[in-house]
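**Student:** My file is coords-v2.pdb. It has PDB, C-alpha atoms:
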```pdb
ATOM      1  CA  MET A   6      48.065 122.199  89.341
ATOM      2  CA  ASN A   7      46.139 120.290  92.055
ATOM      3  CA  SER A   8      47.671 119.504  95.441
ATOM      4  CA  ASN A   9      48.459 115.869  94.495
ATOM      5  CA  ASN A  10      50.386 116.923  91.412
ATOM      6  CA  LEU A  11      52.233 119.549  93.441
ATOM      7  CA  GLU A  12      53.265 116.881  95.955
ATOM      8  CA  LYS A  13      54.401 114.670  93.096
ATOM      9  CA  GLU A  14      56.623 117.463  91.765
ATOM     10  CA  LYS A  15      58.159 117.912  95.202
ATOM     11  CA  ILE A  16      58.890 114.184  95.392
ATOM     12  CA  LEU A  17      60.517 114.248  91.951
ATOM     13  CA  THR A  18      62.669 117.188  93.043
ATOM     14  CA  SER A  19      63.690 115.377  96.230
ATOM     15  CA  PHE A  20      64.665 112.318  94.185
ATOM     16  CA  LYS A  21      66.781 114.393  91.789
ATOM     17  CA  GLU A  22      68.479 115.983  94.803
ATOM     18  CA  LYS A  23      69.124 112.494  96.218
ATOM     19  CA  LYS A  24      67.004 113.156  99.297
ATOM     20  CA  PHE A  25      65.795 109.577  99.300
ATOM     21  CA  GLN A  26      64.403 109.515 102.824
ATOM     22  CA  GLU A  27      62.219 112.508 101.967
ATOM     23  CA  VAL A  28      61.001 110.653  98.873
ATOM     24  CA  ILE A  29      59.953 107.725 101.073
ATOM     25  CA  VAL A  30      58.197 109.836 103.705
ATOM     26  CA  GLU A  31      56.291 112.067 101.274
ATOM     27  CA  GLY A  32      55.859 109.379  98.636
ATOM     28  CA  GLU A  33      54.191 106.934 101.014
ATOM     29  CA  LYS A  34      51.705 109.625 102.021
ATOM     30  CA  LEU A  35      50.835 110.321  98.400
ATOM     31  CA  PHE A  36      50.761 106.611  97.546
ATOM     32  CA  LYS A  37      47.692 106.170  99.764
ATOM     33  CA  GLN A  38      45.827 108.371  97.277
ATOM     34  CA  ARG A  39      47.594 107.338  94.077
ATOM     35  CA  GLN A  40      48.144 103.587  94.309
ATOM     36  CA  ASN A  41      48.045 103.221  90.527
ATOM     37  CA  ASP A  42      50.777 105.804  89.905
ATOM     38  CA  ALA A  43      53.559 103.702  88.328
ATOM     39  CA  GLN A  44      56.083 106.533  88.365
ATOM     40  CA  LEU A  45      55.522 107.143  92.073
ATOM     41  CA  ILE A  46      55.958 103.431  92.820
ATOM     42  CA  TYR A  47      59.156 103.445  90.751
ATOM     43  CA  LEU A  48      60.554 106.384  92.713
ATOM     44  CA  LEU A  49      59.678 104.716  95.999
ATOM     45  CA  GLY A  50      61.327 101.497  94.856
ATOM     46  CA  LEU A  51      64.531 103.174  93.680
ATOM     47  CA  SER A  52      64.738 105.286  96.833
ATOM     48  CA  SER A  53      64.361 102.136  98.941
ATOM     49  CA  ILE A  54      67.265 100.588  97.033
ATOM     50  CA  LYS A  55      69.410 103.673  97.633
ATOM     51  CA  LEU A  56      68.604 103.441 101.345
ATOM     52  CA  LYS A  57      69.320  99.672 101.259
ATOM     53  CA  ASN A  58      65.790  98.884 102.407
ATOM     54  CA  PHE A  59      65.609  95.892 100.076
ATOM     55  CA  ASP A  60      62.460  94.342 101.570
ATOM     56  CA  ASP A  61      60.561  97.566 100.844
ATOM     57  CA  ALA A  62      62.178  97.817  97.425
ATOM     58  CA  GLU A  63      61.036  94.295  96.516
ATOM     59  CA  ASN A  64      57.511  95.148  97.610
ATOM     60  CA  TYR A  65      57.422  98.300  95.463
ATOM     61  CA  PHE A  66      58.826  96.602  92.367
ATOM     62  CA  ASN A  67      56.368  93.743  92.705
ATOM     63  CA  LYS A  68      53.634  96.386  92.685
ATOM     64  CA  LEU A  69      55.240  98.206  89.769
ATOM     65  CA  ILE A  70      55.340  95.070  87.641
ATOM     66  CA  LEU A  71      51.560  94.836  87.883
ATOM     67  CA  PHE A  72      51.485  97.999  85.761
ATOM     68  CA  ASN A  73      54.675  97.710  83.745
ATOM     69  CA  LYS A  74      56.106  94.278  82.943
ATOM     70  CA  SER A  75      59.281  95.626  81.355
ATOM     71  CA  ALA A  76      62.563  93.746  81.128
ATOM     72  CA  GLU A  77      64.248  96.507  83.132
ATOM     73  CA  ASN A  78      61.745  96.240  85.985
ATOM     74  CA  PHE A  79      62.180  92.455  86.195
ATOM     75  CA  TYR A  80      65.959  92.965  86.098
ATOM     76  CA  VAL A  81      65.875  95.428  89.009
ATOM     77  CA  LEU A  82      63.554  93.103  90.936
ATOM     78  CA  GLY A  83      65.962  90.219  90.329
ATOM     79  CA  ASN A  84      68.864  92.268  91.675
ATOM     80  CA  ILE A  85      66.843  93.138  94.790
ATOM     81  CA  GLN A  86      65.924  89.498  95.361
ATOM     82  CA  LYS A  87      69.575  88.530  94.872
ATOM     83  CA  LYS A  88      70.524  91.018  97.619
ATOM     84  CA  LEU A  89      67.897  89.391  99.849
ATOM     85  CA  LYS A  90      69.338  85.956  98.997
ATOM     86  CA  LYS A  91      66.010  84.932  97.479
ATOM     87  CA  PHE A  92      67.923  83.195  94.716
ATOM     88  CA  ASP A  93      65.087  81.096  93.299
ATOM     89  CA  ASN A  94      62.895  84.197  92.980
ATOM     90  CA  ALA A  95      65.767  86.169  91.467
ATOM     91  CA  ILE A  96      66.287  83.495  88.806
ATOM     92  CA  ILE A  97      62.618  83.720  87.845
ATOM     93  CA  SER A  98      62.856  87.513  87.582
ATOM     94  CA  PHE A  99      66.016  87.451  85.461
ATOM     95  CA  GLU A 100      64.525  84.763  83.202
ATOM     96  CA  LYS A 101      61.478  86.965  82.648
ATOM     97  CA  ALA A 102      63.770  89.891  81.840
ATOM     98  CA  VAL A 103      65.650  87.989  79.124
ATOM     99  CA  LYS A 104      62.432  86.516  77.738
ATOM    100  CA  ILE A 105      61.154  90.043  77.175
ATOM    101  CA  ASN A 106      64.538  91.302  75.957
ATOM    102  CA  PRO A 107      66.700  88.463  74.567
ATOM    103  CA  ASN A 108      69.605  90.916  74.115
ATOM    104  CA  PHE A 109      69.766  91.941  77.782
ATOM    105  CA  THR A 110      73.410  91.052  78.447
ATOM    106  CA  GLU A 111      73.456  92.293  82.062
ATOM    107  CA  ALA A 112      70.440  90.160  82.912
ATOM    108  CA  TYR A 113      72.119  87.042  81.503
ATOM    109  CA  ASN A 114      75.230  87.823  83.550
ATOM    110  CA  ASN A 115      73.277  88.290  86.778
ATOM    111  CA  LEU A 116      71.196  85.216  86.042
ATOM    112  CA  GLY A 117      74.454  83.300  85.810
ATOM    113  CA  SER A 118      75.804  84.660  89.082
ATOM    114  CA  THR A 119      72.543  83.784  90.843
ATOM    115  CA  GLN A 120      72.671  80.242  89.492
ATOM    116  CA  LYS A 121      76.272  80.006  90.703
ATOM    117  CA  SER A 122      75.043  80.889  94.213
ATOM    118  CA  LEU A 123      72.849  77.776  94.030
ATOM    119  CA  ASN A 124      75.752  75.642  92.706
ATOM    120  CA  LYS A 125      74.044  75.382  89.320
ATOM    121  CA  TYR A 126      77.370  75.719  87.605
ATOM    122  CA  GLN A 127      76.565  74.498  84.105
ATOM    123  CA  GLU A 128      73.534  76.778  83.865
ATOM    124  CA  ALA A 129      75.671  79.665  85.101
ATOM    125  CA  ILE A 130      78.342  78.972  82.468
ATOM    126  CA  THR A 131      75.704  78.947  79.734
ATOM    127  CA  ASN A 132      74.332  82.327  80.781
ATOM    128  CA  TYR A 133      77.746  83.950  81.262
ATOM    129  CA  LYS A 134      78.619  82.833  77.736
ATOM    130  CA  LYS A 135      75.334  84.239  76.450
ATOM    131  CA  ALA A 136      76.123  87.584  78.098
ATOM    132  CA  ILE A 137      79.554  87.611  76.430
ATOM    133  CA  SER A 138      78.148  86.613  73.041
ATOM    134  CA  LEU A 139      75.904  89.684  73.182
ATOM    135  CA  LYS A 140      78.674  92.003  74.379
ATOM    136  CA  LYS A 141      82.232  90.849  73.733
ATOM    137  CA  ASN A 142      83.766  93.373  76.152
ATOM    138  CA  ASN A 143      81.449  92.503  79.044
ATOM    139  CA  LEU A 144      84.312  92.373  81.541
ATOM    140  CA  GLU A 145      82.091  91.481  84.465
ATOM    141  CA  ALA A 146      80.807  88.406  82.653
ATOM    142  CA  HIS A 147      84.354  87.461  81.619
ATOM    143  CA  TYR A 148      85.458  87.810  85.246
ATOM    144  CA  ASN A 149      82.514  85.769  86.550
ATOM    145  CA  LEU A 150      83.118  83.029  84.001
ATOM    146  CA  ALA A 151      86.865  82.972  84.677
ATOM    147  CA  SER A 152      86.224  82.777  88.431
ATOM    148  CA  LEU A 153      83.804  79.901  87.991
ATOM    149  CA  TYR A 154      86.205  77.980  85.756
ATOM    150  CA  PHE A 155      88.936  78.615  88.363
ATOM    151  CA  LEU A 156      86.656  77.231  91.063
ATOM    152  CA  LEU A 157      86.045  74.157  88.916
ATOM    153  CA  GLU A 158      89.811  73.852  88.296
ATOM    154  CA  ASN A 159      89.296  74.270  84.569
ATOM    155  CA  TYR A 160      92.380  76.458  84.263
ATOM    156  CA  VAL A 161      92.635  76.381  80.469
ATOM    157  CA  GLU A 162      89.182  77.940  80.046
ATOM    158  CA  ALA A 163      89.822  80.337  82.933
ATOM    159  CA  ILE A 164      92.942  81.691  81.203
ATOM    160  CA  ASP A 165      90.990  82.672  78.094
ATOM    161  CA  HIS A 166      88.586  84.813  80.100
ATOM    162  CA  TYR A 167      91.170  86.280  82.476
ATOM    163  CA  LYS A 168      93.055  87.427  79.368
ATOM    164  CA  ASN A 169      90.118  89.665  78.465
ATOM    165  CA  ILE A 170      90.550  91.508  81.769
ATOM    166  CA  ILE A 171      94.341  91.541  82.232
ATOM    167  CA  ASN A 172      94.928  94.482  79.883
ATOM    168  CA  SER A 173      91.933  96.490  81.025
ATOM    169  CA  GLU A 174      91.359  98.967  83.830
ATOM    170  CA  ALA A 175      89.356  96.237  85.577
ATOM    171  CA  ARG A 176      92.569  94.332  86.316
ATOM    172  CA  HIS A 177      93.440  94.099  90.002
ATOM    173  CA  GLU A 178      95.701  92.046  92.249
ATOM    174  CA  GLU A 179      93.365  89.077  92.723
ATOM    175  CA  ILE A 180      92.906  88.688  88.960
ATOM    176  CA  CYS A 181      96.664  88.870  88.376
ATOM    177  CA  GLU A 182      97.250  86.285  91.079
ATOM    178  CA  LYS A 183      94.638  83.836  89.789
ATOM    179  CA  TYR A 184      95.750  84.317  86.190
ATOM    180  CA  THR A 185      99.302  83.459  87.255
ATOM    181  CA  ILE A 186      98.071  80.354  89.093
ATOM    182  CA  CYS A 187      96.223  79.261  85.944
ATOM    183  CA  LEU A 188      99.401  79.686  83.898
ATOM    184  CA  PHE A 189     101.329  77.653  86.494
ATOM    185  CA  LYS A 190      98.716  74.880  86.593
ATOM    186  CA  THR A 191      98.832  74.575  82.815
ATOM    187  CA  GLY A 192     102.638  74.588  82.643
ATOM    188  CA  LYS A 193     102.995  77.938  80.868
ATOM    189  CA  THR A 194     106.252  78.923  82.591
ATOM    190  CA  ILE A 195     107.453  81.338  79.908
ATOM    191  CA  GLU A 196     104.140  83.175  79.976
ATOM    192  CA  ILE A 197     104.377  83.386  83.789
ATOM    193  CA  LYS A 198     107.810  85.035  83.658
ATOM    194  CA  ASP A 199     106.749  87.481  80.956
ATOM    195  CA  PHE A 200     103.544  88.429  82.764
ATOM    196  CA  VAL A 201     104.912  88.658  86.298
ATOM    197  CA  SER A 202     107.880  90.763  85.185
ATOM    198  CA  THR A 203     105.450  93.440  83.964
ATOM    199  CA  ILE A 204     103.369  93.641  87.153
ATOM    200  CA  ILE A 205     105.596  92.599  90.070
ATOM    201  CA  SER A 206     106.592  96.170  90.909
ATOM    202  CA  LYS A 207     102.937  97.046  91.483
ATOM    203  CA  TYR A 208     102.227  93.999  93.644
ATOM    204  CA  SER A 209     105.686  93.485  95.163
ATOM    205  CA  LYS A 210     104.327  92.071  98.434
ATOM    206  CA  ASN A 211     102.218  89.376  96.797
ATOM    207  CA  ARG A 212     103.713  86.007  97.765
ATOM    208  CA  THR A 213     102.102  84.090  94.928
ATOM    209  CA  LEU A 214     103.523  86.412  92.275
ATOM    210  CA  ASN A 215     106.943  86.432  93.910
TER     211      ASN A 215
END
```
Can you dump the structure from the file as structure tokens?

**Tutor:**
Amino acid sequence: MNSNNLEKEKILTSFKEKKFQEVIVEGEKLFKQRQNDAQLIYLLGLSSIKLKNFDDAENYFNKLILFNKSAENFYVLGNIQKKLKKFDNAIISFEKAVKINPNFTEAYNNLGSTQKSLNKYQEAITNYKKAISLKKNNLEAHYNLASLYFLLENYVEAIDHYKNIINSEARHEEICEKYTICLFKTGKTIEIKDFVSTIISKYSKNRTLN
């Protein structure tokens, strides 16, 4: 095994041991000699994400995509760009991800949330619904869609999607509160009493529920 390959093995070991700063330090040295090594670029990119160095991570994944235009790589790049608030770039990356893999439910969901950040609400709704159509129990997409409908004061539609979360482990106080508000806004008083009676002991200090 030559010295470069030995260094690569050390970097892989450091990554598996979650020594991400070591991956960056040693990986950048090796990268000067192996700039076409897609796996090395991938490790550098993921380690940068773990260290929350998102500018570096974006740079590495842009390089990686030159070698491997996979849906997953575009998805990760989109998430990085979303963190950097480069929403227009993130939308392009997520759109490329779903073009390559039309069944990529997480990419549709994150595309929707990015569009929401730009107040492109109808586009966001379309992509949240696409994510749900591909995976009925995509609770994150249900939550995002319910939250957007709540924002738009479309309480009837919001109820339908909050219902998918209410009986799951993903349920928390904010969801219970907003679900109750939706029931109130749509005049479902019996449903409010039935629902609140089952959860009030857990959230006894919540003024809205009380």

**Student:** Excluding A:Leu71 and residues on its chain fewer than 2 positions from it, collect all residues at most 12 Å away from it, counting all atoms listed in the file, and give them as a list in words.

**Tutor:**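 Selected residues are Gln40, Asn41, Asp42, Ala43, Ile46, Tyr47, Asn64, Tyr65, Phe66, Asn67, Lys68, Leu69, Asn73, Lys74, Ser75, Asn78 and Phe79 of chain A.
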
**Student:** Would you translate the PyMOL selection byres ((chain A and resi 51) around 12) into the concrete set of residues it matches in this file, as a PDB file with C-alpha atoms, in the frame of the given file?

**Tutor:**
```pdb
ATOM      1  CA  LEU A  17      60.517 114.248  91.951  1.00  0.00           C
ATOM      2  CA  PHE A  20      64.665 112.318  94.185  1.00  0.00           C
ATOM      3  CA  LYS A  21      66.781 114.393  91.789  1.00  0.00           C
ATOM      4  CA  LYS A  23      69.124 112.494  96.218  1.00  0.00           C
ATOM      5  CA  LYS A  24      67.004 113.156  99.297  1.00  0.00           C
ATOM      6  CA  PHE A  25      65.795 109.577  99.300  1.00  0.00           C
ATOM      7  CA  GLN A  26      64.403 109.515 102.824  1.00  0.00           C
ATOM      8  CA  VAL A  28      61.001 110.653  98.873  1.00  0.00           C
ATOM      9  CA  ILE A  29      59.953 107.725 101.073  1.00  0.00           C
ATOM     10  CA  GLY A  32      55.859 109.379  98.636  1.00  0.00           C
ATOM     11  CA  GLN A  44      56.083 106.533  88.365  1.00  0.00           C
ATOM     12  CA  LEU A  45      55.522 107.143  92.073  1.00  0.00           C
ATOM     13  CA  ILE A  46      55.958 103.431  92.820  1.00  0.00           C
ATOM     14  CA  TYR A  47      59.156 103.445  90.751  1.00  0.00           C
ATOM     15  CA  LEU A  48      60.554 106.384  92.713  1.00  0.00           C
ATOM     16  CA  LEU A  49      59.678 104.716  95.999  1.00  0.00           C
ATOM     17  CA  GLY A  50      61.327 101.497  94.856  1.00  0.00           C
ATOM     18  CA  SER A  52      64.738 105.286  96.833  1.00  0.00           C
ATOM     19  CA  SER A  53      64.361 102.136  98.941  1.00  0.00           C
ATOM     20  CA  ILE A  54      67.265 100.588  97.033  1.00  0.00           C
ATOM     21  CA  LYS A  55      69.410 103.673  97.633  1.00  0.00           C
ATOM     22  CA  LEU A  56      68.604 103.441 101.345  1.00  0.00           C
ATOM     23  CA  LYS A  57      69.320  99.672 101.259  1.00  0.00           C
ATOM     24  CA  ASN A  58      65.790  98.884 102.407  1.00  0.00           C
ATOM     25  CA  PHE A  59      65.609  95.892 100.076  1.00  0.00           C
ATOM     26  CA  ASP A  61      60.561  97.566 100.844  1.00  0.00           C
ATOM     27  CA  ALA A  62      62.178  97.817  97.425  1.00  0.00           C
ATOM     28  CA  GLU A  63      61.036  94.295  96.516  1.00  0.00           C
ATOM     29  CA  ASN A  64      57.511  95.148  97.610  1.00  0.00           C
ATOM     30  CA  TYR A  65      57.422  98.300  95.463  1.00  0.00           C
ATOM     31  CA  PHE A  66      58.826  96.602  92.367  1.00  0.00           C
ATOM     32  CA  LEU A  69      55.240  98.206  89.769  1.00  0.00           C
ATOM     33  CA  ASN A  78      61.745  96.240  85.985  1.00  0.00           C
ATOM     34  CA  VAL A  81      65.875  95.428  89.009  1.00  0.00           C
ATOM     35  CA  LEU A  82      63.554  93.103  90.936  1.00  0.00           C
ATOM     36  CA  ASN A  84      68.864  92.268  91.675  1.00  0.00           C
ATOM     37  CA  ILE A  85      66.843  93.138  94.790  1.00  0.00           C
TER      38      ILE A  85
END
```

**Student:** Suppose you want the space between atom CA of A:Glu31 and atom CA of A:Ile16; what is it in Å?

**Tutor:**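 Spanning atom CA of A:Glu31 to atom CA of A:Ile16 is a straight-line distance of 6.8 Å.
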
**Student:** Restricting the calculation to only C-alpha atoms, which member of A:Ile171, A:Asn115, A:Leu139, A:Thr191 is positioned closest to A:Thr203?

**Tutor:**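 That would be A:Ile171, the residue with the smallest distance to A:Thr203.
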
**Student:** Suppose you want the space between atom CA of A:Ile195 and atom CA of A:Glu174; what is it in Å?

**Tutor:**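 So the two atoms, atom CA of A:Ile195 and atom CA of A:Glu174, lie 24.2 Å apart.
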
**Student:** For the file shown, what are the residues hit by the PyMOL selection byres ((chain A and resi 156-160) around 12), laid out as a PyMOL selection string?

**Tutor:** chain A and resi 121+124+126-127+130+149-155+161-167+183-193

**Student:** Taking into account all atoms listed in the file, which residue in the set A:Thr194, A:Ser202, A:Ser122, A:Asn108 is nearest to A:Ala136?

**Tutor:** A:Asn108

**Student:** Excluding A:Asp93 and its own-chain neighbours fewer than 3 positions away, which residues fall within 9 Å of it when counting all atoms listed in the file? Please give them as a list in words.

**Tutor:**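 The residues satisfying every condition are Gln86, Lys87, Lys90, Ile96, Ile97, Ser98, Thr119, Gln120 and Leu123 of chain A.
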
**Student:** Using atom CA of A:Lys101 and atom CA of A:Ile70 as the two end points, give the distance in Å to one decimal.

**Tutor:**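 It comes out at 11.3 Å.
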
**Student:** When distances are computed from only C-alpha atoms, which of A:Glu100, A:Glu22, A:Glu178, A:Glu27 shows the smallest separation from A:Ala76?

**Tutor:**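 Looking only at the distances to A:Ala76, the closest residue turns out to be A:Glu100.
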
**Student:** For a quick check of understanding, using only C-alpha atoms, which of A:Thr18, A:Gly117, A:Ile197, A:Asn9 has the smallest distance to A:Leu35?

**Tutor:**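 Checking each of A:Thr18, A:Gly117, A:Ile197, A:Asn9 against A:Leu35, counting only C-alpha atoms, the winner is A:Asn9.
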
**Student:** Could you give me, as a list in words, the residues that sit within 6 Å of (69.7, 88.7, 87.8) in the file's coordinates, counting only C-alpha atoms?

**Tutor:**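 With a cut-off of 6 Å, the residues come to Tyr80, Gly83, Asn84, Ala95, Phe99, Ala112, Asn115 and Leu116 of chain A.
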
**Student:** I'd like to see the residues matched by the PyMOL selection byres ((chain A and resi 145) around 10) on this file, and ideally I'd get them as a tab-separated table (two decimals) with C-alpha atoms, in the coordinates of the input.

**Tutor:**
```tsv
chain	number	residue	atom	x	y	z
A	111	GLU	CA	73.46	92.29	82.06
A	114	ASN	CA	75.23	87.82	83.55
A	115	ASN	CA	73.28	88.29	86.78
A	133	TYR	CA	77.75	83.95	81.26
A	136	ALA	CA	76.12	87.58	78.10
A	137	ILE	CA	79.55	87.61	76.43
A	142	ASN	CA	83.77	93.37	76.15
A	143	ASN	CA	81.45	92.50	79.04
A	144	LEU	CA	84.31	92.37	81.54
A	146	ALA	CA	80.81	88.41	82.65
A	147	HIS	CA	84.35	87.46	81.62
A	148	TYR	CA	85.46	87.81	85.25
A	149	ASN	CA	82.51	85.77	86.55
A	150	LEU	CA	83.12	83.03	84.00
A	151	ALA	CA	86.86	82.97	84.68
A	170	ILE	CA	90.55	91.51	81.77
A	175	ALA	CA	89.36	96.24	85.58
```

**Student:** Could stretch 106-137 of chain A be completed with N, CA and C atoms and returned as a compact mmCIF listing (two decimals), in the frame of the given file?

**Tutor:**
```
# COMPACT_ATOMS: atom_id res chain seq x y z
N ASN A 106 63.44 90.70 76.73
CA ASN A 106 64.54 91.30 75.96
C ASN A 106 65.67 90.29 75.82
N PRO A 107 65.68 89.52 74.75
CA PRO A 107 66.70 88.46 74.57
C PRO A 107 68.12 89.00 74.41
N ASN A 108 68.28 90.32 74.27
CA ASN A 108 69.60 90.92 74.11
C ASN A 108 70.09 91.60 75.39
N PHE A 109 69.48 91.28 76.50
CA PHE A 109 69.77 91.94 77.78
C PHE A 109 70.99 91.28 78.43
N THR A 110 72.17 91.72 78.02
CA THR A 110 73.41 91.05 78.45
C THR A 110 73.61 91.08 79.96
N GLU A 111 73.28 92.20 80.62
CA GLU A 111 73.46 92.29 82.06
C GLU A 111 72.55 91.32 82.80
N ALA A 112 71.36 91.10 82.28
CA ALA A 112 70.44 90.16 82.91
C ALA A 112 70.96 88.73 82.80
N TYR A 113 71.53 88.38 81.65
CA TYR A 113 72.12 87.04 81.50
C TYR A 113 73.28 86.87 82.49
N ASN A 114 74.10 87.90 82.63
CA ASN A 114 75.23 87.82 83.55
C ASN A 114 74.75 87.63 84.99
N ASN A 115 73.77 88.40 85.40
CA ASN A 115 73.28 88.29 86.78
C ASN A 115 72.48 87.01 87.00
N LEU A 116 71.84 86.53 85.95
CA LEU A 116 71.20 85.22 86.04
C LEU A 116 72.25 84.15 86.31
N GLY A 117 73.37 84.26 85.60
CA GLY A 117 74.45 83.30 85.81
C GLY A 117 75.01 83.35 87.22
N SER A 118 75.22 84.55 87.75
CA SER A 118 75.80 84.66 89.08
C SER A 118 74.84 84.16 90.16
N THR A 119 73.53 84.31 89.90
CA THR A 119 72.54 83.78 90.84
C THR A 119 72.54 82.26 90.81
N GLN A 120 72.61 81.70 89.62
CA GLN A 120 72.67 80.24 89.49
C GLN A 120 73.94 79.69 90.14
N LYS A 121 75.04 80.43 90.03
CA LYS A 121 76.27 80.01 90.70
C LYS A 121 76.06 79.93 92.22
N SER A 122 75.31 80.88 92.77
CA SER A 122 75.04 80.89 94.21
C SER A 122 74.31 79.63 94.66
N LEU A 123 73.59 79.01 93.73
CA LEU A 123 72.85 77.78 94.03
C LEU A 123 73.61 76.54 93.54
N ASN A 124 74.90 76.74 93.20
CA ASN A 124 75.75 75.64 92.71
C ASN A 124 75.25 75.04 91.39
N LYS A 125 74.49 75.82 90.64
CA LYS A 125 74.04 75.38 89.32
C LYS A 125 75.08 75.86 88.30
N TYR A 126 76.21 75.20 88.32
CA TYR A 126 77.37 75.72 87.60
C TYR A 126 77.22 75.68 86.09
N GLN A 127 76.68 74.59 85.56
CA GLN A 127 76.56 74.50 84.10
C GLN A 127 75.59 75.54 83.56
N GLU A 128 74.48 75.74 84.28
CA GLU A 128 73.53 76.78 83.86
C GLU A 128 74.18 78.16 83.93
N ALA A 129 74.98 78.38 84.96
CA ALA A 129 75.67 79.67 85.10
C ALA A 129 76.63 79.89 83.94
N ILE A 130 77.40 78.86 83.59
CA ILE A 130 78.34 78.97 82.47
C ILE A 130 77.61 79.33 81.18
N THR A 131 76.49 78.68 80.95
CA THR A 131 75.70 78.95 79.73
C THR A 131 75.28 80.41 79.67
N ASN A 132 74.83 80.95 80.79
CA ASN A 132 74.33 82.33 80.78
C ASN A 132 75.45 83.35 80.77
N TYR A 133 76.59 83.06 81.40
CA TYR A 133 77.75 83.95 81.26
C TYR A 133 78.18 84.02 79.80
N LYS A 134 78.22 82.86 79.15
CA LYS A 134 78.62 82.83 77.74
C LYS A 134 77.63 83.59 76.86
N LYS A 135 76.34 83.50 77.20
CA LYS A 135 75.33 84.24 76.45
C LYS A 135 75.55 85.74 76.62
N ALA A 136 75.86 86.17 77.85
CA ALA A 136 76.12 87.58 78.10
C ALA A 136 77.31 88.07 77.26
N ILE A 137 78.35 87.25 77.19
CA ILE A 137 79.55 87.61 76.43
C ILE A 137 79.28 87.60 74.93
```
